[in-house]
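Trainee: Please read through the structure below; I'll follow up with questions.
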Amino acid sequence: MKKLSGIGVALVTPFNKQGAIDFKSIEKIVSFVIKEGVQYLVLLGTTGEASTLHIKEKIDIINCVMNINSKKLPVVVGIGSNNTEEVILNLKKLTLNSVDAILSVCPYYNKPSQKGIFHHFKTISENTDKNIIIYNVPHRTGTNISLETINKLILKYENIIGIKEASGNILQSYNIINNKSKKNFAVLSGDDNLSLPIILGGGEGMISVVGQAFPKELSKMFKLACENKVQEAYKIYFNIIKIYNIIFKEGNPSGIKTLLKLKGLCNNYVRLPLMECSKTLEQQIKLELNSLKF
């Protein structure tokens, strides 16, 4: 496949009041973001509450999204764990025929060494013919993936094609962009609040949480950035930042689901141990949404 670029959206998994998957809302959200011009879809990640989903539910979600998408956009599926063997088992269990790439997080909680991280992704690479996007999110995993480890992996394994970089450290992102060992390795911002600076600094795009609420606006921002219309791109970016800072106050995806509820795309139910946003925060999000000017 071609290198992923542009705006990918980290899709939520909508639930009904009883906690079952709301497939009608999945259809509504996926159809909306496709129509509004995003470049690819990312499902079963952190925002999709993958850690609370059973394997059968994951299979059903993949099939649902594939049917709606109908090969219009590339699809990336999250398959990660702090147990390397579990990742390999899930690669075999999940329906991945039409999936373009998998997104796999750095092992969490175990806090492996860089050597351990290398061998984790080495093992995944050697057990799948799918393209792999590494997900670096140290504030969740407890471990940061070094540039040296990234370069060793991408030099040796052709199917490791990119990184979702969510360290929150823009200098680290620039270090990867400027010193990656392969030019066609995609650096994708995993932080909405650093997305435009990373794109302007040479990144290929972003995997966005807030993008499923504002797909048209973020796609336009990316286009403007590519055309070097920096001031116009920043006008959109600064609007997005205002609401982004609010929706993460009580965790993800509680905030984005509340925003999607206000936009009529799904309910804001989440699975334990997460909780729905407070009424106070919902009101703040509503006020900010009504004040946005794109």
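Identifiers in this document derive from the order of the structure tokens: chains are assigned A, B, ..., residues are numbered from 1 separately in each chain, and ligands are numbered from 1 in order of occurrence.
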What are the closest atom pairs, with distances in Å to one decimal, for all residues of range 48-118 of chain A lying within 10 Å of range 256-280 of chain A? Consider only C-alpha atoms, order rows by chain and residue number, and present the result as a Markdown table.
Mentor:
| residue | atom | partner | partner_atom | distance |
| --- | --- | --- | --- | --- |
| A:Gly48 | CA | A:Val270 | CA | 9.8 |
| A:Glu49 | CA | A:Arg271 | CA | 7.8 |
| A:Ser51 | CA | A:Arg271 | CA | 9.9 |
| A:Thr52 | CA | A:Arg271 | CA | 7.0 |
| A:Leu53 | CA | A:Arg271 | CA | 9.3 |
Trainee: Keeping only N, CA and C atoms, take the residues you just selected and write them out as a PDB file, in the first residue's frame.
Mentor:
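Now in again39.pdb:
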ATOM      1  N   GLY A  48     -11.525   3.621  20.710  1.00  0.00           N
ATOM      2  CA  GLY A  48     -12.569   2.633  20.460  1.00  0.00           C
ATOM      3  C   GLY A  48     -12.824   1.703  21.629  1.00  0.00           C
ATOM      4  N   GLU A  49     -12.184   1.977  22.782  1.00  0.00           N
ATOM      5  CA  GLU A  49     -12.343   1.172  24.002  1.00  0.00           C
ATOM      6  C   GLU A  49     -12.068  -0.311  23.742  1.00  0.00           C
ATOM      7  N   SER A  51      -9.910  -2.303  24.825  1.00  0.00           N
ATOM      8  CA  SER A  51      -9.573  -3.143  25.980  1.00  0.00           C
ATOM      9  C   SER A  51     -10.803  -3.700  26.682  1.00  0.00           C
ATOM     10  N   THR A  52     -11.990  -3.160  26.385  1.00  0.00           N
ATOM     11  CA  THR A  52     -13.225  -3.663  27.007  1.00  0.00           C
ATOM     12  C   THR A  52     -14.056  -4.499  26.039  1.00  0.00           C
ATOM     13  N   LEU A  53     -13.539  -4.732  24.840  1.00  0.00           N
ATOM     14  CA  LEU A  53     -14.294  -5.473  23.819  1.00  0.00           C
ATOM     15  C   LEU A  53     -13.863  -6.936  23.765  1.00  0.00           C
TER      16      LEU A  53
END
Trainee: Extract, using only C-alpha atoms, all DNA, RNA and protein residues at most 10 Å from Tyr108 in chain A, discarding same-chain residues fewer than 6 positions from it, and format them as a list in words.
Mentor: Gly80, Ser81, Asn82, Asn83, Val137, Pro138, His139, Arg140, Thr141, Gly142 and Thr143 of chain A
Trainee: From the options A:Thr95, A:Ser104, A:Thr128, A:Gln39, which residue's atoms come nearest to Leu73 in chain A, counting only C-alpha atoms?
Mentor: A:Gln39
Trainee: Of the residues A:Ile198, A:Val12, A:Ile79, A:Ile241, which is the one nearest to Gly168 in chain A, using only C-alpha atoms?
Mentor: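 Of A:Ile198, A:Val12, A:Ile79, A:Ile241, the one nearest Gly168 in chain A, counting only C-alpha atoms, is A:Ile198.
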Trainee: For each of A:Lys111, A:Val105, A:Ile55, A:Glu27, take the minimum atom-to-atom distance to Ser70 in chain A, counting only C-alpha atoms, then give the residue where this is smallest.
Mentor: A:Glu27
Trainee: With range 171-189 of chain A as the partner and 7 Å as the cut-off, tabulate the residues of range 197-274 of chain A that qualify, each row holding the nearest pair of atoms and their distance in Å to one decimal, using only C-alpha atoms, sorted by chain and rising number, as CSV.
Mentor:
residue,atom,partner,partner_atom,distance
A:Ile198,CA,A:Ser189,CA,6.5
A:Gly201,CA,A:Tyr174,CA,6.7
A:Gly202,CA,A:Ile177,CA,6.4
A:Gly203,CA,A:Val187,CA,5.1
A:Glu204,CA,A:Val187,CA,5.7
A:Gly205,CA,A:Leu188,CA,5.0
A:Met206,CA,A:Ser189,CA,4.3
A:Ile207,CA,A:Ser189,CA,6.2
Trainee: Save out the residues we just selected, all heavy atoms, as a PDB file, in the first residue's frame.
Mentor:
ATOM      1  N   ILE A 198       3.418  19.274  13.796  1.00  0.00           N
ATOM      2  CA  ILE A 198       4.102  18.074  13.314  1.00  0.00           C
ATOM      3  C   ILE A 198       3.952  17.939  11.798  1.00  0.00           C
ATOM      4  O   ILE A 198       4.917  17.602  11.095  1.00  0.00           O
ATOM      5  CB  ILE A 198       3.576  16.822  14.054  1.00  0.00           C
ATOM      6  CG1 ILE A 198       4.106  16.825  15.497  1.00  0.00           C
ATOM      7  CG2 ILE A 198       3.994  15.532  13.338  1.00  0.00           C
ATOM      8  CD1 ILE A 198       3.536  15.738  16.386  1.00  0.00           C
ATOM      9  N   GLY A 201       6.160  20.353  10.176  1.00  0.00           N
ATOM     10  CA  GLY A 201       7.554  19.977  10.378  1.00  0.00           C
ATOM     11  C   GLY A 201       7.990  18.768   9.559  1.00  0.00           C
ATOM     12  O   GLY A 201       9.122  18.321   9.680  1.00  0.00           O
ATOM     13  N   GLY A 202       7.066  18.238   8.741  1.00  0.00           N
ATOM     14  CA  GLY A 202       7.431  17.121   7.874  1.00  0.00           C
ATOM     15  C   GLY A 202       6.697  15.828   8.138  1.00  0.00           C
ATOM     16  O   GLY A 202       6.944  14.823   7.464  1.00  0.00           O
ATOM     17  N   GLY A 203       5.787  15.831   9.111  1.00  0.00           N
ATOM     18  CA  GLY A 203       4.982  14.638   9.367  1.00  0.00           C
ATOM     19  C   GLY A 203       3.970  14.409   8.261  1.00  0.00           C
ATOM     20  O   GLY A 203       3.589  15.345   7.544  1.00  0.00           O
ATOM     21  N   GLU A 204       3.533  13.171   8.127  1.00  0.00           N
ATOM     22  CA  GLU A 204       2.629  12.815   7.033  1.00  0.00           C
ATOM     23  C   GLU A 204       1.157  13.033   7.361  1.00  0.00           C
ATOM     24  O   GLU A 204       0.302  12.846   6.502  1.00  0.00           O
ATOM     25  CB  GLU A 204       2.844  11.351   6.635  1.00  0.00           C
ATOM     26  CG  GLU A 204       4.037  11.117   5.733  1.00  0.00           C
ATOM     27  CD  GLU A 204       5.373  11.252   6.442  1.00  0.00           C
ATOM     28  OE1 GLU A 204       5.413  11.067   7.684  1.00  0.00           O
ATOM     29  OE2 GLU A 204       6.373  11.542   5.773  1.00  0.00           O
ATOM     30  N   GLY A 205       0.838  13.395   8.594  1.00  0.00           N
ATOM     31  CA  GLY A 205      -0.558  13.597   8.948  1.00  0.00           C
ATOM     32  C   GLY A 205      -0.808  13.297  10.403  1.00  0.00           C
ATOM     33  O   GLY A 205       0.076  13.461  11.244  1.00  0.00           O
ATOM     34  N   MET A 206      -2.020  12.823  10.699  1.00  0.00           N
ATOM     35  CA  MET A 206      -2.393  12.595  12.091  1.00  0.00           C
ATOM     36  C   MET A 206      -3.451  11.508  12.183  1.00  0.00           C
ATOM     37  O   MET A 206      -4.217  11.276  11.247  1.00  0.00           O
ATOM     38  CB  MET A 206      -2.937  13.893  12.700  1.00  0.00           C
ATOM     39  CG  MET A 206      -4.217  14.378  12.044  1.00  0.00           C
ATOM     40  SD  MET A 206      -4.753  16.023  12.575  1.00  0.00           S
ATOM     41  CE  MET A 206      -5.187  15.710  14.282  1.00  0.00           C
ATOM     42  N   ILE A 207      -3.463  10.829  13.327  1.00  0.00           N
ATOM     43  CA  ILE A 207      -4.576   9.962  13.690  1.00  0.00           C
ATOM     44  C   ILE A 207      -5.314  10.696  14.798  1.00  0.00           C
ATOM     45  O   ILE A 207      -4.810  10.822  15.910  1.00  0.00           O
ATOM     46  CB  ILE A 207      -4.095   8.563  14.134  1.00  0.00           C
ATOM     47  CG1 ILE A 207      -3.423   7.859  12.950  1.00  0.00           C
ATOM     48  CG2 ILE A 207      -5.273   7.739  14.664  1.00  0.00           C
ATOM     49  CD1 ILE A 207      -2.835   6.494  13.285  1.00  0.00           C
TER      50      ILE A 207
END
Trainee: Give me the residues near Lys56 in chain A as a PyMOL selection string, where near means some atom within 12 Å (using only C-alpha atoms) and where sequence neighbours in that chain fewer than 4 positions away do not count.
Mentor: chain A and resi 21+50+52+60-63+90+93-95
Trainee: Go through A:Ile102, A:Leu218, A:Val77, A:Ile163 and flag the residue nearest Val38 in chain A, using only C-alpha atoms for the distances.
Mentor: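 Closest to Val38 in chain A of all the choices is A:Leu218.
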Trainee: Output as a PyMOL selection string all residues of range 115-282 of chain A that backbone DSSP marks as alpha helix (DSSP H).
Mentor: chain A and resi 115-126+138-141+147-156+170-179+195-200+215-226+230-247+254-262+279-282
Trainee: Apply DSSP to the backbone of this structure and, from range 64-166 of chain A, keep only the residues in strand (DSSP E or B); write these as a PDB file with N, CA and C atoms, in the first residue's frame.
Mentor:
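Saved to part_29.pdb:
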ATOM      1  N   VAL A  75      -8.236   1.133   5.785  1.00  0.00           N
ATOM      2  CA  VAL A  75      -8.689   0.835   7.150  1.00  0.00           C
ATOM      3  C   VAL A  75      -7.520   0.298   7.961  1.00  0.00           C
ATOM      4  N   VAL A  76      -7.347   0.874   9.149  1.00  0.00           N
ATOM      5  CA  VAL A  76      -6.311   0.446  10.093  1.00  0.00           C
ATOM      6  C   VAL A  76      -7.011  -0.107  11.331  1.00  0.00           C
ATOM      7  N   VAL A  77      -6.583  -1.271  11.792  1.00  0.00           N
ATOM      8  CA  VAL A  77      -7.204  -1.914  12.962  1.00  0.00           C
ATOM      9  C   VAL A  77      -6.189  -2.016  14.093  1.00  0.00           C
ATOM     10  N   GLY A  78      -6.599  -1.609  15.279  1.00  0.00           N
ATOM     11  CA  GLY A  78      -5.744  -1.698  16.456  1.00  0.00           C
ATOM     12  C   GLY A  78      -5.650  -3.134  16.964  1.00  0.00           C
ATOM     13  N   ALA A 101      -3.720  -2.008   7.295  1.00  0.00           N
ATOM     14  CA  ALA A 101      -2.602  -1.989   8.251  1.00  0.00           C
ATOM     15  C   ALA A 101      -3.148  -2.253   9.646  1.00  0.00           C
ATOM     16  N   ILE A 102      -2.253  -2.668  10.544  1.00  0.00           N
ATOM     17  CA  ILE A 102      -2.622  -2.770  11.952  1.00  0.00           C
ATOM     18  C   ILE A 102      -1.856  -1.700  12.732  1.00  0.00           C
ATOM     19  N   LEU A 103      -2.490  -1.220  13.775  1.00  0.00           N
ATOM     20  CA  LEU A 103      -1.882  -0.262  14.692  1.00  0.00           C
ATOM     21  C   LEU A 103      -1.591  -1.015  15.983  1.00  0.00           C
ATOM     22  N   SER A 104      -0.327  -1.075  16.377  1.00  0.00           N
ATOM     23  CA  SER A 104       0.034  -1.878  17.545  1.00  0.00           C
ATOM     24  C   SER A 104       0.813  -1.048  18.554  1.00  0.00           C
ATOM     25  N   VAL A 105       0.278  -0.997  19.761  1.00  0.00           N
ATOM     26  CA  VAL A 105       0.817  -0.132  20.800  1.00  0.00           C
ATOM     27  C   VAL A 105       2.068  -0.749  21.436  1.00  0.00           C
ATOM     28  N   ASN A 131       0.703  -4.593   6.947  1.00  0.00           N
ATOM     29  CA  ASN A 131       1.529  -3.451   7.317  1.00  0.00           C
ATOM     30  C   ASN A 131       1.276  -3.091   8.776  1.00  0.00           C
ATOM     31  N   ILE A 132       2.302  -2.576   9.429  1.00  0.00           N
ATOM     32  CA  ILE A 132       2.239  -2.282  10.864  1.00  0.00           C
ATOM     33  C   ILE A 132       2.569  -0.823  11.117  1.00  0.00           C
ATOM     34  N   ILE A 133       1.725  -0.175  11.911  1.00  0.00           N
ATOM     35  CA  ILE A 133       2.014   1.167  12.419  1.00  0.00           C
ATOM     36  C   ILE A 133       2.271   1.022  13.914  1.00  0.00           C
ATOM     37  N   ILE A 134       3.445   1.411  14.338  1.00  0.00           N
ATOM     38  CA  ILE A 134       3.796   1.380  15.761  1.00  0.00           C
ATOM     39  C   ILE A 134       3.071   2.534  16.456  1.00  0.00           C
ATOM     40  N   TYR A 135       2.577   2.278  17.657  1.00  0.00           N
ATOM     41  CA  TYR A 135       1.900   3.324  18.431  1.00  0.00           C
ATOM     42  C   TYR A 135       2.732   3.617  19.679  1.00  0.00           C
ATOM     43  N   ASN A 136       3.284   4.825  19.729  1.00  0.00           N
ATOM     44  CA  ASN A 136       4.093   5.246  20.875  1.00  0.00           C
ATOM     45  C   ASN A 136       3.309   6.243  21.712  1.00  0.00           C
ATOM     46  N   ILE A 160       6.810  -2.679   8.578  1.00  0.00           N
ATOM     47  CA  ILE A 160       6.635  -1.626   9.596  1.00  0.00           C
ATOM     48  C   ILE A 160       6.741  -0.296   8.872  1.00  0.00           C
ATOM     49  N   ILE A 161       5.566   0.322   8.620  1.00  0.00           N
ATOM     50  CA  ILE A 161       5.500   1.435   7.656  1.00  0.00           C
ATOM     51  C   ILE A 161       5.325   2.815   8.297  1.00  0.00           C
ATOM     52  N   GLY A 162       5.043   2.852   9.608  1.00  0.00           N
ATOM     53  CA  GLY A 162       4.810   4.167  10.201  1.00  0.00           C
ATOM     54  C   GLY A 162       4.713   4.104  11.714  1.00  0.00           C
ATOM     55  N   ILE A 163       4.605   5.284  12.296  1.00  0.00           N
ATOM     56  CA  ILE A 163       4.442   5.401  13.748  1.00  0.00           C
ATOM     57  C   ILE A 163       3.376   6.436  14.061  1.00  0.00           C
ATOM     58  N   LYS A 164       2.480   6.072  14.979  1.00  0.00           N
ATOM     59  CA  LYS A 164       1.582   7.043  15.584  1.00  0.00           C
ATOM     60  C   LYS A 164       2.318   7.577  16.803  1.00  0.00           C
ATOM     61  N   GLU A 165       2.835   8.783  16.680  1.00  0.00           N
ATOM     62  CA  GLU A 165       3.712   9.358  17.694  1.00  0.00           C
ATOM     63  C   GLU A 165       2.892  10.249  18.632  1.00  0.00           C
TER      64      GLU A 165
END
Trainee: CA of Lys24 in chain A and CA of Leu44 in chain A are how many Å apart?
Mentor: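 Straight-line distance from CA of Lys24 in chain A to CA of Leu44 in chain A works out to 16.9 Å.
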Trainee: Suppose you want the space between CA of Leu147 in chain A and CA of Ser208 in chain A; what is it in Å?
Mentor: 22.6 Å
Trainee: Rank A:Asn228, A:Asn127, A:Gln114, A:Asn169 by their smallest atom-to-atom distance to Ile150 in chain A, using only C-alpha atoms, and report the top residue only.
Mentor: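 Answer, going by the shortest atom-to-atom distance: A:Gln114.
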